[in-house]
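**Student:** Sharing a structure, written as C-alpha cells. Questions coming.
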Amino acid sequence: MLQLNFIRENQQTVVDGLKKRNFTEEKLAVLTQVLSLDDQRRQIQTTLDGSLAERNKLSKEVGELFKKGAHQEADVIKDKVNQLKDSISELESQLKDTMDRLDSLLLTIPNIPHESVPAGSSEQDNEVAQAWDKALPVLEQQALPHWELASKYQIFDLELGTKLTGSGFPVFRGKGARLERALISFFLDEATKAGYEEIMPPLMVNEATARGTGQLPDKEAQMYHVTKDDLYLIPTAEVPVTNIFRDVILDVEQLPVKMTAYTPCFRREAGSYGAHVRGLNRVHQFDKVEIVQFQHPDKSYETLQEMVAHVEGLLNKLELPFRILRLCGGDMGFTSALTFDFEVYSAAQQRWLEVSSVSNFETFQSNRMKIRYREGKKIQLLHTLNGSALALARIVAAILENNQTPEGIVIPSVLRPYTGFDIIA
RNA sequence: GGUGAAGUGGGUGAGUGGCUGAAACCAACGGUUUGCUAAACCGUCGUACUCUGAAAGGGGUACCGCGGGUUCGAAUCCCGCCUUCACCGCCA
C-alpha cells in the first residue's frame, strides 16, 4: 500500500509510475479520489476531536460539581453533553465510512515501479538484464522432457498424486525424493552461510497475515482457503516470514534482518493448461527456499543486488544455464518496485523456465504491515525484499533434462554430498 | 473439547468509576561525580492520528488483549470474542 503523504507530495511520480503499469487516464482518477477522501477524513477528524475534547472537559466539570454537591448545575451540563453525543456518534460513523472507502481505494493502487523498470505490457517486454553468453546445452536426438524421465527413472509420479489428491500434486519417490531433499538442504545451507537465519514457519496463516503481504485481497483466488478455520495455505514462505515483523519497530542497529525458510508452497493456479504446464512446470504444491530481508531504505537496492548475486551463485554451483530478466511494468507483481526473474534453460523443452523472482518492495509491504525501524528519534517504514533461492520443482525439471546421458541422470557435484549418489540410473 | 484463573507501557507490576497515558521498580538512553569497563545521584524514557509552527516545540484526540454496551465520565462495571496458564479429556 502506498503512503498517502507520498501520493500527495509526489503526484507526478505516482502518475508516471502507474502509467508504466499501463494505467489509463480513467484509472488514474483514483488518485484524486484518494486525495479528496483524505481531505475529508482530516476535516472530520478535526471536528470530531474538537467535540470529544469538549465532552471530556464538560465531564470533568460534572465531576467537580458533584464533589461540591451542586447536583442541579451538574445536571445542566449533563444535558449539554448528551446533546454533544449525537453529533459525536454521527461524526464517528462518517469517519469510519470515509476511512473504509479510502482504504479500499488505496488497496487498488499498485506499487510505483523503480525508475529502471522498462515500460511494457507483457512478458514480451521484459528486458534481459543478464544473458547466458555461453553455449546452451544441446541434447541428443532422443533426449526426453522431464515428465518422461520421471517415469523412466521413477523420480516422481503425477498420476499417483492425482489419485491421492488431484492434478498438480506430484509424488516424489526414491532418488527423486532424495534429490528434492538434497536441494532443499543445499539451498538452506547456502543461505545460512550468507547470513540468513533459518525459520520454519507455519504453513497456514490467518487473514491478517495474508493481508499483510498483499495476498488479500488481490490474490485471494490464488490461495487455498481452509474455510472451517478461516486459514489460508501459504503460497510462499514470504507470507509468514515477512509477517513476523508486522507491527514491530526494529532498532536501526538490527538492520538488515535476514531470514530464510524452506516451505512447501500451495497455489491454486486456476485456469492453466497445455504443454507449458506439463510435468513440474506448474503444480499446485511445490517446495521452495525463500530469502527475505528487512533493510534500511538507503541500502535496499544494494541489498537487492546482493540477493540477485546469491541466486546467481546457486545456479552457477548447480551448473545450470540461466538468464536474468528485469521485469517490465506490465509483468511486475502488484506489490513490487523492482523485480528480477531468473530463468533456467530447460534443454529438452527448449524453453526458459522461471525459477526465481527477486524483488524490492520498498515500503509497499511495510506500510501495510507497519514494519518500522527507529533511528534516533525518528520512526520510519523500512524496506522489505525477498527472493526465491530457489523454487524446487522447476530446478528439478531442469536438472533432469539437462543432465540426462545415455547412462542416466548425472547429479551436479555440489549436490552429491547431500544425495549420497552421483547418478540416477 | 470441558472447567477454572489471568491478559496494563521494553520487562516486573500497582491501579476497581473522575485527581491515571497510567505509580513504583528494572532495563535503556543522556549527564554529574568518582583514579579507574563498578557504585551513587540527576534527567529522559509508548504509539498513532490531527491542528499549529520555518523549525525546535506546543495544543487536541484515540489506544491498558480485541469488539460492543452502560455512564455526564471507563484501564476500572456489563456482554461477546481471542489468547495465555493450570487441571481434565484426546493425542503424534
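By order in the C-alpha cells, chains are A, B, ...; within a chain, residues start at 1; ligands start at 1, following the order shown.
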Give the alpha helix (DSSP H) residues of region 123-319 of chain A, as assigned by DSSP on the backbone, as a ChimeraX atom specification.

**Tutor:** /A:146-153,158-164,174-193,207-212,238-243,300-317

**Student:** Show me, as JSON, numbers by chain, every residue of chain A with an atom at most 6 Å from chain B, counting only C-alpha atoms (C1' of nucleotides).

**Tutor:** {"A": [49, 59, 63, 78]}

**Student:** Please produce a file of those selected residues containing C-alpha atoms, as a short mmCIF file (atom, residue, chain, number, x, y, z; two decimals), in the first residue's frame.

**Tutor:**
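File produced: part_29.cif:
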data_model
loop_
_atom_site.label_atom_id
_atom_site.label_comp_id
_atom_site.auth_asym_id
_atom_site.auth_seq_id
_atom_site.Cartn_x
_atom_site.Cartn_y
_atom_site.Cartn_z
CA ASP A 49 -11.55 15.62 18.07
CA SER A 59 -17.44 15.67 32.03
CA GLY A 63 -17.24 15.51 38.46
CA LYS A 78 -25.03 16.53 31.67
#

**Student:** Could you pull out the residues in region 79-187 of chain A that DSSP calls strand (DSSP E or B) from the backbone, as a list of chain:residue names?

**Tutor:**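 Secondary structure check on region 79-187 of chain A, strand (DSSP E or B): A:Glu127, A:Val128, A:Ala129, A:Gln130, A:Phe156, A:Asp157, A:Val171, A:Phe172.
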
**Student:** Taking 3 positions as the minimum chain separation for residues in the same chain, which residues sit within 7 Å of Leu320 (chain A) when counting only C-alpha atoms (C1' of nucleotides)? Answer as an MDAnalysis selection string.

**Tutor:** chainID A and resid 315:316 344

**Student:** Could the residues in this selection be saved with C-alpha atoms as a short mmCIF file (atom, residue, chain, number, x, y, z; two decimals), in the first residue's frame?

**Tutor:**
data_model
loop_
_atom_site.label_atom_id
_atom_site.label_comp_id
_atom_site.auth_asym_id
_atom_site.auth_seq_id
_atom_site.Cartn_x
_atom_site.Cartn_y
_atom_site.Cartn_z
CA LEU A 315 22.62 -21.57 -10.24
CA ASN A 316 26.32 -21.46 -11.06
CA VAL A 344 16.79 -21.65 -16.25
#

**Student:** Can you list, as a PyMOL selection string, every protein, DNA or RNA residue that comes within 9 Å of Leu48 (chain A) when you count only C-alpha atoms (C1' of nucleotides), leaving out same-chain residues fewer than 2 positions away?

**Tutor:** (chain A and resi 43-46+50-53+87-88+91-92+95) or (chain B and resi 61)

**Student:** Any chance you could export the current selection's N, CA and C atoms (P, O5', C5', C4', C3', O3' and C1' of nucleotides) as a JSON list (two decimals), in the first residue's frame?

**Tutor:**
[["chain", "number", "residue", "atom", "x", "y", "z"],
["A", 43, "GLN", "N", -10.72, 16.51, 7.84],
["A", 43, "GLN", "CA", -11.68, 17.51, 8.28],
["A", 43, "GLN", "C", -12.60, 16.91, 9.34],
["A", 44, "ILE", "N", -13.10, 15.70, 9.05],
["A", 44, "ILE", "CA", -13.98, 15.03, 10.00],
["A", 44, "ILE", "C", -13.24, 14.78, 11.31],
["A", 45, "GLN", "N", -12.01, 14.33, 11.17],
["A", 45, "GLN", "CA", -11.20, 14.02, 12.35],
["A", 45, "GLN", "C", -11.04, 15.25, 13.24],
["A", 46, "THR", "N", -10.75, 16.36, 12.62],
["A", 46, "THR", "CA", -10.53, 17.59, 13.39],
["A", 46, "THR", "C", -11.80, 17.99, 14.13],
["A", 50, "GLY", "N", -12.42, 17.84, 18.24],
["A", 50, "GLY", "CA", -12.89, 19.03, 18.96],
["A", 50, "GLY", "C", -14.08, 18.70, 19.84],
["A", 51, "SER", "N", -15.04, 17.95, 19.29],
["A", 51, "SER", "CA", -16.23, 17.59, 20.08],
["A", 51, "SER", "C", -15.86, 16.70, 21.25],
["A", 52, "LEU", "N", -14.93, 15.77, 21.01],
["A", 52, "LEU", "CA", -14.51, 14.89, 22.09],
["A", 52, "LEU", "C", -13.82, 15.67, 23.19],
["A", 53, "ALA", "N", -13.02, 16.65, 22.79],
["A", 53, "ALA", "CA", -12.33, 17.47, 23.77],
["A", 53, "ALA", "C", -13.35, 18.22, 24.63],
["A", 87, "SER", "N", -23.96, 14.26, 17.88],
["A", 87, "SER", "CA", -23.08, 14.68, 16.79],
["A", 87, "SER", "C", -21.78, 13.88, 16.82],
["A", 88, "ILE", "N", -21.36, 13.46, 18.00],
["A", 88, "ILE", "CA", -20.15, 12.65, 18.08],
["A", 88, "ILE", "C", -20.34, 11.31, 17.38],
["A", 91, "LEU", "N", -20.39, 11.83, 13.66],
["A", 91, "LEU", "CA", -19.06, 12.07, 13.12],
["A", 91, "LEU", "C", -18.23, 10.78, 13.12],
["A", 92, "GLU", "N", -18.41, 9.99, 14.16],
["A", 92, "GLU", "CA", -17.65, 8.74, 14.23],
["A", 92, "GLU", "C", -18.00, 7.81, 13.06],
["A", 95, "LEU", "N", -16.51, 9.16, 9.92],
["A", 95, "LEU", "CA", -15.07, 8.94, 9.88],
["A", 95, "LEU", "C", -14.76, 7.50, 9.46],
["B", 61, "U", "P", -8.34, 16.11, 24.56],
["B", 61, "U", "O5'", -8.53, 15.04, 23.41],
["B", 61, "U", "C5'", -9.69, 15.06, 22.58],
["B", 61, "U", "C4'", -9.58, 14.01, 21.51],
["B", 61, "U", "C3'", -9.31, 12.60, 22.01],
["B", 61, "U", "O3'", -10.49, 11.99, 22.49],
["B", 61, "U", "C1'", -7.87, 13.08, 20.20]]

**Student:** Which neighbours of U76 (chain B) fall inside 8 Å, counting only C-alpha atoms (C1' of nucleotides), when residues of the same chain fewer than 2 positions from it are skipped, and could you give them as a ChimeraX atom specification?

**Tutor:** /B:16-17,74

**Student:** What lies within 12 Å of C85 (chain B) using only C-alpha atoms (C1' of nucleotides), ignoring chain neighbours under 3 positions off, as number ranges by chain?

**Tutor:** B: 4-7
